[in-house]
$ cat data-v8.cif   # mmCIF, C-alpha atoms
data_upload
#
loop_
_atom_site.label_atom_id
_atom_site.label_comp_id
_atom_site.auth_asym_id
_atom_site.auth_seq_id
_atom_site.Cartn_x
_atom_site.Cartn_y
_atom_site.Cartn_z
CA MET A 15 -11.04 -13.18 20.03
CA THR A 16 -10.76 -10.66 22.87
CA SER A 17 -7.51 -9.71 24.54
CA PRO A 18 -7.46 -9.54 28.37
CA ASP A 19 -5.42 -6.33 28.11
CA THR A 20 -6.90 -2.89 27.62
CA ILE A 21 -4.66 -0.65 25.55
CA PHE A 22 -4.54 3.09 24.95
CA ALA A 23 -2.63 5.42 22.66
CA LEU A 24 -2.64 8.87 21.15
CA GLY A 25 -4.33 8.49 17.77
CA THR A 26 -3.29 11.86 16.39
CA GLY A 27 0.11 13.38 15.77
CA ALA A 28 2.28 14.40 18.68
CA GLY A 29 2.81 18.09 19.34
CA ARG A 30 0.59 21.13 19.54
CA ALA A 31 -2.70 20.83 17.63
CA ALA A 32 -6.31 21.97 17.76
CA ILE A 33 -7.63 18.52 18.69
CA ALA A 34 -6.04 15.35 20.05
CA VAL A 35 -7.67 11.92 19.94
CA ILE A 36 -6.84 9.22 22.49
CA ARG A 37 -8.02 5.69 21.72
CA ILE A 38 -8.78 2.96 24.28
CA SER A 39 -9.61 -0.65 23.39
CA GLY A 40 -10.24 -3.70 25.53
CA PRO A 41 -12.54 -5.04 28.25
CA ALA A 42 -11.81 -2.15 30.62
CA ALA A 43 -12.57 0.60 28.09
CA GLY A 44 -16.02 1.37 29.49
CA GLU A 45 -14.76 1.21 33.08
CA THR A 46 -12.00 3.66 32.14
CA LEU A 47 -14.49 6.18 30.73
CA LYS A 48 -16.54 5.96 33.91
CA ALA A 49 -13.43 6.55 36.00
CA LEU A 50 -12.48 9.64 33.99
CA SER A 51 -15.89 11.26 33.42
CA GLY A 52 -18.08 9.73 36.13
CA LYS A 53 -20.43 8.06 33.68
CA LEU A 54 -20.61 6.04 30.49
CA PRO A 55 -21.72 8.17 27.52
CA GLU A 56 -24.60 7.21 25.27
CA LEU A 57 -23.52 4.31 23.08
CA ARG A 58 -22.06 5.40 19.72
CA GLN A 59 -22.85 9.06 20.39
CA ALA A 60 -20.42 11.90 20.95
CA SER A 61 -21.03 13.28 24.43
CA PHE A 62 -19.58 16.24 26.29
CA ALA A 63 -17.46 15.10 29.23
CA VAL A 64 -15.44 16.71 31.98
CA LEU A 65 -12.42 14.46 32.38
CA ARG A 66 -10.81 14.21 35.82
CA ASP A 67 -7.92 12.33 37.36
CA PRO A 68 -9.66 9.61 39.43
CA ALA A 69 -6.90 9.74 42.06
CA THR A 70 -6.97 13.50 42.75
CA GLY A 71 -10.21 14.76 41.22
CA GLU A 72 -8.24 17.36 39.25
CA THR A 73 -9.81 18.37 35.95
CA LEU A 74 -7.73 17.23 32.99
CA ASP A 75 -9.83 18.74 30.20
CA ARG A 76 -13.34 19.33 28.92
CA GLY A 77 -13.87 17.37 25.73
CA ILE A 78 -15.83 14.72 23.89
CA ALA A 79 -16.17 11.05 24.86
CA LEU A 80 -17.47 8.16 22.74
CA PHE A 81 -18.03 4.50 23.55
CA PHE A 82 -18.55 1.58 21.15
CA PRO A 83 -19.24 -1.78 22.80
CA GLY A 84 -17.70 -4.82 21.13
CA PRO A 85 -17.96 -6.59 18.83
CA ALA A 86 -19.50 -3.69 16.87
CA SER A 87 -16.38 -1.53 16.97
CA SER A 88 -13.31 -0.94 14.83
CA THR A 89 -11.25 -3.37 16.94
CA GLY A 90 -14.02 -5.88 17.71
CA GLU A 91 -13.62 -5.06 21.42
CA ASP A 92 -15.10 -2.47 23.73
CA TYR A 93 -13.68 0.75 22.34
CA ALA A 94 -13.57 4.27 23.75
CA GLU A 95 -12.33 7.52 22.31
CA LEU A 96 -11.46 10.83 23.93
CA GLN A 97 -11.38 13.99 21.82
CA LEU A 98 -9.44 16.64 23.71
CA HIS A 99 -7.82 20.01 23.20
CA GLY A 100 -4.51 19.37 21.48
CA GLY A 101 -2.14 21.15 23.83
CA ARG A 102 0.89 19.17 24.95
CA ALA A 103 0.08 19.53 28.64
CA VAL A 104 -3.49 18.26 28.16
CA VAL A 105 -2.36 15.26 26.16
CA GLN A 106 0.54 14.33 28.41
CA GLY A 107 -1.55 14.76 31.56
CA THR A 108 -4.31 12.52 30.23
CA LEU A 109 -1.88 9.85 29.04
CA ALA A 110 -0.10 9.91 32.39
CA THR A 111 -3.44 9.41 34.16
CA LEU A 112 -4.28 6.45 31.93
CA ARG A 113 -0.92 4.85 32.70
CA ARG A 114 -1.78 4.90 36.40
CA LEU A 115 -5.17 3.23 35.99
CA PRO A 116 -5.40 -0.54 36.63
CA ARG A 117 -5.74 -2.99 33.71
CA LEU A 118 -4.44 -0.45 31.17
CA ARG A 119 -1.19 -0.38 29.27
CA PRO A 120 0.17 1.66 26.33
CA ALA A 121 -0.48 0.09 22.94
CA GLU A 122 2.29 -1.42 20.86
CA PRO A 123 2.82 -0.06 17.31
CA GLY A 124 -0.03 -1.19 15.08
CA GLU A 125 -1.84 -3.00 17.92
CA PHE A 126 -5.26 -1.41 17.28
CA ALA A 127 -5.20 -2.54 13.64
CA ARG A 128 -3.88 -5.95 14.67
CA ARG A 129 -6.78 -6.43 17.08
CA GLY A 130 -9.19 -5.42 14.34
CA PHE A 131 -7.64 -8.06 12.09
CA ALA A 132 -7.69 -10.73 14.82
CA ASN A 133 -11.37 -10.02 15.49
CA GLY A 134 -12.39 -10.11 11.83
CA LYS A 135 -12.93 -6.38 11.37
CA LEU A 136 -10.44 -6.16 8.54
CA ASP A 137 -8.32 -8.63 6.64
CA LEU A 138 -4.57 -8.59 6.15
CA SER A 139 -4.73 -6.76 2.83
CA GLN A 140 -6.88 -4.02 4.39
CA ALA A 141 -4.48 -3.67 7.31
CA GLU A 142 -1.59 -3.26 4.87
CA ALA A 143 -3.60 -0.72 2.87
CA LEU A 144 -4.20 1.35 6.01
CA ALA A 145 -0.42 1.61 6.41
CA ASP A 146 -0.17 2.64 2.74
CA LEU A 147 -2.88 5.25 3.29
CA ILE A 148 -0.93 6.79 6.15
CA ASP A 149 2.20 6.89 3.95
CA ALA A 150 0.38 8.20 0.85
CA GLN A 151 1.89 11.43 -0.47
CA THR A 152 -0.11 11.89 -3.69
CA GLU A 153 -3.73 11.68 -4.81
CA ALA A 154 -3.12 8.52 -6.84
CA GLN A 155 -1.50 6.78 -3.89
CA ARG A 156 -4.43 7.83 -1.71
CA ARG A 157 -6.96 6.44 -4.21
CA GLN A 158 -5.10 3.15 -4.47
CA ALA A 159 -4.78 2.71 -0.71
CA LEU A 160 -8.43 3.62 -0.10
CA ARG A 161 -9.60 1.15 -2.74
CA VAL A 162 -7.79 -1.76 -1.10
CA ALA A 163 -8.56 -0.58 2.44
CA GLY A 164 -12.22 -0.46 1.44
CA GLY A 165 -12.14 -4.18 0.72
CA ALA A 166 -11.74 -4.29 -3.08
CA LEU A 167 -9.03 -6.95 -2.90
CA ARG A 168 -10.81 -8.88 -0.16
CA ARG A 169 -14.02 -9.03 -2.22
CA LYS A 170 -12.13 -10.16 -5.31
CA VAL A 171 -10.29 -12.87 -3.36
CA GLU A 172 -13.56 -14.03 -1.84
CA GLY A 173 -15.03 -14.37 -5.32
CA TRP A 174 -12.01 -16.32 -6.55
CA ARG A 175 -12.05 -18.60 -3.53
CA GLY A 176 -15.78 -19.14 -3.92
CA ALA A 177 -15.24 -20.43 -7.47
CA LEU A 178 -12.37 -22.63 -6.25
CA VAL A 179 -14.48 -24.06 -3.45
CA GLU A 180 -17.25 -24.87 -5.90
CA ALA A 181 -14.82 -26.55 -8.29
CA LEU A 182 -13.16 -28.46 -5.47
CA ALA A 183 -16.57 -29.56 -4.21
CA LEU A 184 -17.23 -31.15 -7.61
CA LEU A 185 -13.97 -33.10 -7.40
CA GLU A 186 -14.41 -34.09 -3.75
CA ALA A 187 -17.95 -35.27 -4.41
CA GLU A 188 -16.76 -37.52 -7.25
CA LEU A 189 -13.83 -38.84 -5.20
CA ASP A 190 -15.61 -39.48 -1.91
CA PHE A 191 -19.33 -39.70 -2.58
CA SER A 192 -19.73 -41.03 -6.13
CA ASP A 193 -21.84 -43.91 -4.86
CA GLU A 194 -24.44 -41.55 -3.40
CA ALA A 195 -27.57 -41.27 -5.54
CA ASP A 196 -27.90 -37.53 -4.92
CA VAL A 197 -24.47 -36.68 -6.28
CA GLY A 198 -24.83 -37.48 -9.96
CA ALA A 199 -22.16 -37.99 -12.62
CA PHE A 200 -18.97 -35.93 -12.59
CA SER A 201 -18.82 -33.26 -15.31
CA SER A 202 -15.41 -32.14 -16.54
CA ALA A 203 -17.15 -29.52 -18.69
CA ARG A 204 -18.69 -28.01 -15.56
CA LEU A 205 -15.27 -27.97 -13.91
CA LEU A 206 -13.68 -26.17 -16.87
CA ALA A 207 -16.59 -23.72 -17.03
CA LEU A 208 -15.77 -22.73 -13.46
CA LEU A 209 -12.00 -22.63 -13.78
CA SER A 210 -11.40 -21.04 -17.21
CA PRO A 211 -12.90 -17.61 -16.45
CA LEU A 212 -11.31 -17.80 -13.00
CA ALA A 213 -7.84 -18.20 -14.49
CA GLU A 214 -8.46 -15.37 -16.97
CA ASP A 215 -9.60 -13.04 -14.18
CA MET A 216 -6.55 -13.87 -12.06
CA ARG A 217 -4.19 -13.20 -14.96
CA ALA A 218 -5.93 -9.90 -15.70
CA ALA A 219 -5.31 -8.82 -12.10
CA LEU A 220 -1.67 -9.89 -12.35
CA ARG A 221 -1.18 -7.79 -15.47
CA LEU A 222 -2.14 -4.70 -13.46
CA ALA A 223 0.07 -5.65 -10.53
CA PRO A 224 3.35 -4.03 -11.71
CA ALA A 225 1.69 -0.62 -12.04
CA SER A 226 0.05 -0.88 -8.61
CA GLU A 227 3.29 -1.99 -6.94
CA ARG A 228 5.14 0.84 -8.62
CA MET A 229 2.52 3.32 -7.44
CA ARG A 230 3.50 2.60 -3.85
CA ASP A 231 7.21 3.23 -4.53
CA GLY A 232 6.94 6.00 -7.11
CA PHE A 233 7.92 6.52 -10.74
CA VAL A 234 11.72 6.80 -10.85
CA VAL A 235 13.31 9.37 -13.18
CA MET A 236 17.08 9.53 -13.59
CA ILE A 237 18.64 12.85 -14.63
CA LEU A 238 21.65 11.94 -16.77
CA GLY A 239 24.26 13.86 -18.73
CA ARG A 240 27.83 14.98 -18.87
CA PRO A 241 29.26 17.12 -16.06
CA ASN A 242 28.14 20.76 -15.95
CA VAL A 243 25.17 20.41 -18.31
CA GLY A 244 22.68 21.58 -15.66
CA LYS A 245 21.45 18.38 -13.94
CA SER A 246 21.64 19.77 -10.42
CA THR A 247 20.18 23.08 -11.55
CA LEU A 248 17.22 21.22 -13.08
CA ILE A 249 16.41 19.17 -9.98
CA ASN A 250 16.65 22.30 -7.84
CA ALA A 251 14.29 24.11 -10.20
CA LEU A 252 11.74 21.27 -10.35
CA THR A 253 11.70 20.80 -6.59
CA ARG A 254 12.01 24.55 -5.87
CA ARG A 255 14.64 23.74 -3.28
CA ASP A 256 18.43 23.84 -3.19
CA LEU A 257 18.90 20.08 -2.94
CA ALA A 258 22.02 19.80 -5.05
CA ILE A 259 25.18 21.90 -5.08
CA VAL A 260 25.48 23.85 -8.29
CA SER A 261 29.03 24.68 -9.37
CA ALA A 262 30.99 25.30 -12.53
CA LEU A 263 33.53 22.79 -11.27
CA PRO A 264 33.09 19.44 -13.11
CA GLY A 265 32.37 16.44 -10.89
CA THR A 266 30.67 18.39 -8.08
CA THR A 267 27.87 15.81 -7.73
CA ARG A 268 29.60 12.67 -6.46
CA ASP A 269 26.60 10.63 -5.32
CA MET A 270 22.92 10.36 -6.23
CA ILE A 271 20.48 12.87 -4.74
CA GLU A 272 16.81 11.86 -4.57
CA ALA A 273 13.79 14.15 -4.50
CA HIS A 274 10.17 12.96 -4.11
CA LEU A 275 7.63 15.00 -6.05
CA ASP A 276 3.90 15.05 -6.67
CA ILE A 277 3.46 15.61 -10.40
CA GLY A 278 -0.16 15.60 -11.50
CA GLY A 279 -1.13 13.63 -8.40
CA LEU A 280 1.41 10.90 -9.15
CA PRO A 281 4.44 9.96 -7.04
CA VAL A 282 7.67 10.73 -8.89
CA THR A 283 11.22 10.26 -7.61
CA LEU A 284 13.83 12.42 -9.34
CA ILE A 285 17.44 11.30 -9.03
CA ASP A 286 20.29 13.69 -9.72
CA THR A 287 23.36 11.72 -10.73
CA ALA A 288 27.07 12.07 -11.14
CA GLY A 289 28.08 13.36 -14.55
CA LEU A 290 28.88 10.56 -16.99
CA ARG A 291 32.54 10.89 -17.92
CA GLU A 292 35.89 9.33 -17.19
CA ALA A 293 36.17 9.92 -13.46
CA ALA A 294 38.95 12.19 -12.23
CA ASP A 295 39.33 10.38 -8.90
CA GLU A 296 38.12 7.27 -7.05
CA ILE A 297 35.22 8.97 -5.29
CA GLU A 298 33.82 10.33 -8.53
CA ARG A 299 34.31 6.92 -10.18
CA ILE A 300 32.18 5.30 -7.45
CA GLY A 301 29.46 7.88 -8.09
CA VAL A 302 29.49 7.16 -11.84
CA ASP A 303 29.36 3.39 -11.22
CA ARG A 304 26.38 3.80 -8.91
CA THR A 305 24.63 5.88 -11.55
CA LEU A 306 25.13 3.22 -14.21
CA ALA A 307 23.86 0.49 -11.88
CA ARG A 308 20.75 2.45 -10.86
CA ILE A 309 19.75 3.23 -14.45
CA GLU A 310 18.68 -0.39 -14.93
CA SER A 311 15.92 -0.10 -12.32
CA ALA A 312 14.66 3.36 -13.33
CA ASP A 313 11.47 4.01 -15.31
CA LEU A 314 12.61 7.00 -17.31
CA ALA A 315 15.77 8.97 -18.04
CA LEU A 316 16.18 12.64 -18.81
CA TRP A 317 19.27 13.05 -20.96
CA LEU A 318 20.55 16.59 -20.49
CA SER A 319 22.95 18.09 -22.96
CA ASP A 320 24.10 21.58 -23.91
CA SER A 321 25.22 20.26 -27.30
CA ASP A 322 23.82 17.91 -29.94
CA GLU A 323 25.21 14.85 -28.17
CA ALA A 324 22.86 11.84 -28.40
CA PRO A 325 21.96 9.88 -25.25
CA PRO A 326 23.71 6.58 -24.61
CA GLY A 327 21.94 3.45 -25.78
CA GLY A 328 19.98 1.18 -23.46
CA ASP A 329 16.54 -0.23 -22.72
CA ILE A 330 15.31 2.65 -20.57
CA GLU A 331 13.01 5.18 -22.20
CA THR A 332 14.82 8.49 -22.58
CA ILE A 333 13.67 12.09 -23.08
CA ARG A 334 16.22 14.44 -24.60
CA VAL A 335 16.46 17.77 -22.81
CA ALA A 336 18.55 20.60 -24.24
CA THR A 337 19.83 22.90 -21.50
CA LYS A 338 21.03 26.48 -21.50
CA THR A 339 18.75 27.50 -24.36
CA ASP A 340 19.44 31.11 -23.48
CA LEU A 341 22.82 30.49 -25.11
CA LYS A 342 21.90 28.04 -27.86
CA PRO A 343 18.54 26.90 -29.36
CA ALA A 344 17.41 23.34 -28.72
CA PRO A 345 18.01 20.78 -31.48
CA GLU A 346 15.08 19.06 -33.13
CA GLY A 347 13.50 16.32 -31.00
CA ALA A 348 14.67 17.78 -27.67
CA ILE A 349 12.82 19.77 -25.04
CA GLY A 350 14.58 23.06 -24.60
CA ILE A 351 14.94 24.47 -21.11
CA CYS A 352 16.61 27.28 -19.27
CA ALA A 353 16.47 26.19 -15.64
CA LEU A 354 17.56 29.61 -14.39
CA SER A 355 14.64 31.43 -16.06
CA GLY A 356 12.15 28.55 -15.85
CA GLU A 357 11.66 28.25 -19.61
CA GLY A 358 10.62 24.72 -20.62
CA LEU A 359 10.25 23.37 -17.07
CA GLU A 360 6.47 22.91 -17.41
CA THR A 361 7.04 20.98 -20.64
CA VAL A 362 9.52 18.66 -18.91
CA ALA A 363 7.10 18.11 -16.00
CA ALA A 364 4.24 17.37 -18.42
CA ALA A 365 6.38 14.84 -20.30
CA ILE A 366 7.26 13.09 -17.03
CA GLU A 367 3.61 13.09 -15.94
CA ALA A 368 2.41 11.58 -19.23
CA ARG A 369 4.83 8.68 -18.99
CA ALA A 370 4.18 8.16 -15.29
CA ARG A 371 0.42 8.06 -15.87
CA ALA A 372 0.84 5.54 -18.69
CA ARG A 373 2.94 3.34 -16.41
CA LEU A 374 1.11 3.73 -13.09
CA GLY A 375 -2.50 4.50 -13.98
CA ASP A 376 -4.46 6.56 -11.46
CA GLY A 377 -4.94 4.02 -8.66
CA THR A 378 -8.64 3.42 -9.31
CA GLU A 379 -8.17 -0.14 -10.61
CA ALA A 380 -5.60 -1.28 -8.07
CA LEU A 381 -5.88 -4.76 -6.56
CA ILE A 382 -2.50 -6.45 -6.29
CA VAL A 383 -0.34 -3.75 -4.73
CA ARG A 384 2.40 -5.73 -2.97
CA GLU A 385 4.92 -8.36 -3.99
CA ARG A 386 3.44 -10.70 -1.37
CA HIS A 387 0.01 -10.44 -3.01
CA ARG A 388 1.45 -11.01 -6.47
CA GLN A 389 3.42 -14.11 -5.49
CA ALA A 390 0.39 -15.67 -3.79
CA LEU A 391 -1.86 -14.94 -6.77
CA GLU A 392 0.76 -16.33 -9.17
CA GLN A 393 0.75 -19.60 -7.21
CA ALA A 394 -3.04 -19.72 -7.22
CA ALA A 395 -3.25 -19.04 -10.97
CA GLU A 396 -0.65 -21.69 -11.73
CA GLY A 397 -2.63 -24.24 -9.72
CA VAL A 398 -5.84 -23.44 -11.56
CA GLU A 399 -4.12 -23.55 -14.97
CA ALA A 400 -2.52 -26.90 -14.10
CA VAL A 401 -6.00 -28.37 -13.66
CA ILE A 402 -7.33 -26.73 -16.83
CA GLY A 403 -4.47 -27.86 -19.04
CA GLY A 404 -3.60 -31.21 -17.46
CA GLU A 405 -4.81 -34.78 -17.56
CA ALA A 406 -3.84 -35.64 -13.99
CA ALA A 407 -5.87 -37.90 -11.76
CA LEU A 408 -8.78 -36.29 -9.94
CA GLU A 409 -6.93 -36.63 -6.63
CA LEU A 410 -4.04 -34.52 -7.99
CA GLN A 411 -6.40 -31.98 -9.50
CA ALA A 412 -8.12 -31.60 -6.14
CA GLU A 413 -4.75 -31.08 -4.45
CA GLU A 414 -3.83 -28.36 -6.97
CA LEU A 415 -7.06 -26.51 -6.20
CA ARG A 416 -6.52 -26.88 -2.46
CA TRP A 417 -3.07 -25.30 -2.81
CA ALA A 418 -4.55 -22.54 -4.97
CA SER A 419 -7.19 -21.80 -2.33
CA ARG A 420 -4.55 -21.67 0.42
CA ALA A 421 -2.45 -19.29 -1.66
CA LEU A 422 -5.42 -16.93 -2.04
CA GLY A 423 -6.09 -17.21 1.68
CA ARG A 424 -2.59 -15.94 2.38
CA ILE A 425 -3.42 -12.66 0.62
CA VAL A 426 -6.13 -11.78 3.12
CA GLY A 427 -4.70 -13.77 6.03
CA ALA A 428 -7.40 -16.45 6.22
CA VAL A 429 -7.62 -20.08 5.11
CA ASP A 430 -10.69 -22.17 6.00
CA VAL A 431 -10.72 -25.75 4.72
CA GLU A 432 -14.22 -26.27 6.20
CA GLU A 433 -15.62 -24.22 3.31
CA VAL A 434 -15.13 -27.21 1.03
CA LEU A 435 -17.14 -29.59 3.23
CA ASP A 436 -19.89 -26.99 3.64
CA ALA A 437 -20.18 -26.66 -0.14
CA VAL A 438 -20.22 -30.44 -0.70
CA PHE A 439 -22.92 -31.23 1.81
CA SER A 440 -25.16 -28.27 1.06
CA ARG A 441 -25.02 -28.48 -2.72
CA PHE A 442 -25.23 -32.24 -3.17
CA CYS A 443 -27.64 -33.12 -0.34
CA ILE A 444 -25.14 -35.55 1.12
CA GLY A 445 -25.54 -36.85 4.67
CA LYS A 446 -29.33 -37.21 4.56
#
$ encode --input "data-v8.cif" --output "structure tokens"
Amino acid sequence: MTSPDTIFALGTGAGRAAIAVIRISGPAAGETLKALSGKLPELRQASFAVLRDPATGETLDRGIALFFPGPASSTGEDYAELQLHGGRAVVQGTLATLRRLPRLRPAEPGEFARRGFANGKLDLSQAEALADLIDAQTEAQRRQALRVAGGALRRKVEGWRGALVEALALLEAELDFSDEADVGAFSSARLLALLSPLAEDMRAALRLAPASERMRDGFVVMILGRPNVGKSTLINALTRRDLAIVSALPGTTRDMIEAHLDIGGLPVTLIDTAGLREAADEIERIGVDRTLARIESADLALWLSDSDEAPPGGDIETIRVATKTDLKPAPEGAIGICALSGEGLETVAAAIEARARARLGDGTEALIVRERHRQALEQAAEGVEAVIGGEAALELQAEELRWASRALGRIVGAVDVEEVLDAVFSRFCIGK
């Protein structure tokens, strides 16, 4: 698939920088390079180029030009790249010149990746992972995004679909070609031998899915406690910023304040909350209600107290933190901190990291990283298990496997029913 349009866009961040990269993709990419530099550079080689405005001959910049003819390019089309000095005037002047050239238009958001997907250069899961890679804020998120962007999920789905196609070929051969001498007798044992390990592998991937999905969003830690126990002081100390107002007046924090941290390479979201008490006014009551509602979706709670008060009951895992240890020693079983001096802060951070790592992993085994992936794989696994555990007619078993294959295809954005016919005719010598 090749679009008739040629698109261009700044591929690096806007603003002053050492280098700026401008990308061009489409049938007029080579023609555009010739118009700017007077010649087409050596294919797939970085070449020095003096870039000029074709209309006036004015020099825009001296930089590097590259050209990759399609389909052997990142977009599957003719693709050009300009590497320029990153000054605003250079970038804006070059973009303005491109806008005036015929057959070119500015790219829409994500259009380069979309063309790569449409031309088979990456699948849907890889395109999504590229977006995650851009948004990654920690090492673990980077590892996870790179693993999926590198094709780990695509390869796994291809393996699953290959086993499904083989199993479906067995059923289709029995249903449609059982009178052919080359086909042979149908073997339910062979079918189960294909499907049983397939179902186990799918379920193993699904068991890892919650951690991978959570890695994208971050490990959520609620900071709870009565008013004036030091919650806002703690979040300010951990983030090393004055995010929350610290005051001796009870009820100062009325709403939740979020801070995103990198703790040990893991994404952690700290949430400072309204003090848990009988609210003095309606606004504070709303803040307390929001805190109670958010606790249910959090991964961990830090219960701060400057006394021996036990944390409230609930299903969420809770770490007891004794504050103001410069005034009173911490009780047994609690981490003692003095947020003003920094005492105990490293211990709190280490405790958060340990629990986050146990929940999220390190991103190196990630496969199913989005709810969309998980739902599709759940449907596929249920279809396979229905065939393994059921006594339905062969026609219904075949339909279950077809639905399972389509569900897997939705993960990577491709469904090809012709695979089944290819497998039938090649494996069973049918159609001689």
$ resolve_selection --input "data-v8.cif" --expression "the PyMOL selection byres ((chain A and resi 354-360) around 10)" --output "MDAnalysis selection string"
chainID A and resid 244 247:248 250:252 335:340 349:353 361:366
$ write_last_selection --input "data-v8.cif" --atoms "C-alpha atoms" --output "tab-separated table (two decimals), keeping the file's coordinate frame"
chain	number	residue	atom	x	y	z
A	244	GLY	CA	22.68	21.58	-15.66
A	247	THR	CA	20.18	23.08	-11.55
A	248	LEU	CA	17.22	21.22	-13.08
A	250	ASN	CA	16.65	22.30	-7.84
A	251	ALA	CA	14.29	24.11	-10.20
A	252	LEU	CA	11.74	21.27	-10.35
A	335	VAL	CA	16.46	17.77	-22.81
A	336	ALA	CA	18.55	20.60	-24.24
A	337	THR	CA	19.83	22.90	-21.50
A	338	LYS	CA	21.03	26.48	-21.50
A	339	THR	CA	18.75	27.50	-24.36
A	340	ASP	CA	19.44	31.11	-23.48
A	349	ILE	CA	12.82	19.77	-25.04
A	350	GLY	CA	14.58	23.06	-24.60
A	351	ILE	CA	14.94	24.47	-21.11
A	352	CYS	CA	16.61	27.28	-19.27
A	353	ALA	CA	16.47	26.19	-15.64
A	361	THR	CA	7.04	20.98	-20.64
A	362	VAL	CA	9.52	18.66	-18.91
A	363	ALA	CA	7.10	18.11	-16.00
A	364	ALA	CA	4.24	17.37	-18.42
A	365	ALA	CA	6.38	14.84	-20.30
A	366	ILE	CA	7.26	13.09	-17.03
$ axis_aligned_box --input "data-v8.cif" --around "segment 388-399 of chain A" --padding-each-side "6 Å" --output "AutoDock Vina command-line options"
--center_x -1.2 --center_y -17.6 --center_z -9.4 --size_x 21.3 --size_y 25.2 --size_z 23.2
$ atom_distance --input "data-v8.cif" --atom1 "atom CA of Leu178 of chain A" --atom2 "atom CA of Ala407 of chain A"
17.5 Å
$ atom_distance --input "data-v8.cif" --atom1 "atom CA of Ala348 of chain A" --atom2 "atom CA of Leu238 of chain A"
14.2 Å
$ resolve_selection --input "data-v8.cif" --expression "the PyMOL selection byres ((chain A and resi 332) around 7)" --output "JSON, numbers by chain"
{"A": [314, 315, 316, 317, 330, 331, 333, 334]}
$ resolve_selection --input "data-v8.cif" --expression "the PyMOL selection byres ((chain A and resi 129-145) around 6)" --output "number ranges by chain"
A: 15, 89-90, 126-128, 146-148, 159, 162-163, 426-427
$ closest_residue --input "data-v8.cif" --among "A:Ala370, A:Val35, A:Met229, A:Ala213" --to "Ala395 of chain A" --atoms "only C-alpha atoms"
A:Ala213
$ atom_distance --input "data-v8.cif" --atom1 "atom CA of Val235 of chain A" --atom2 "atom CA of Leu284 of chain A"
4.9 Å
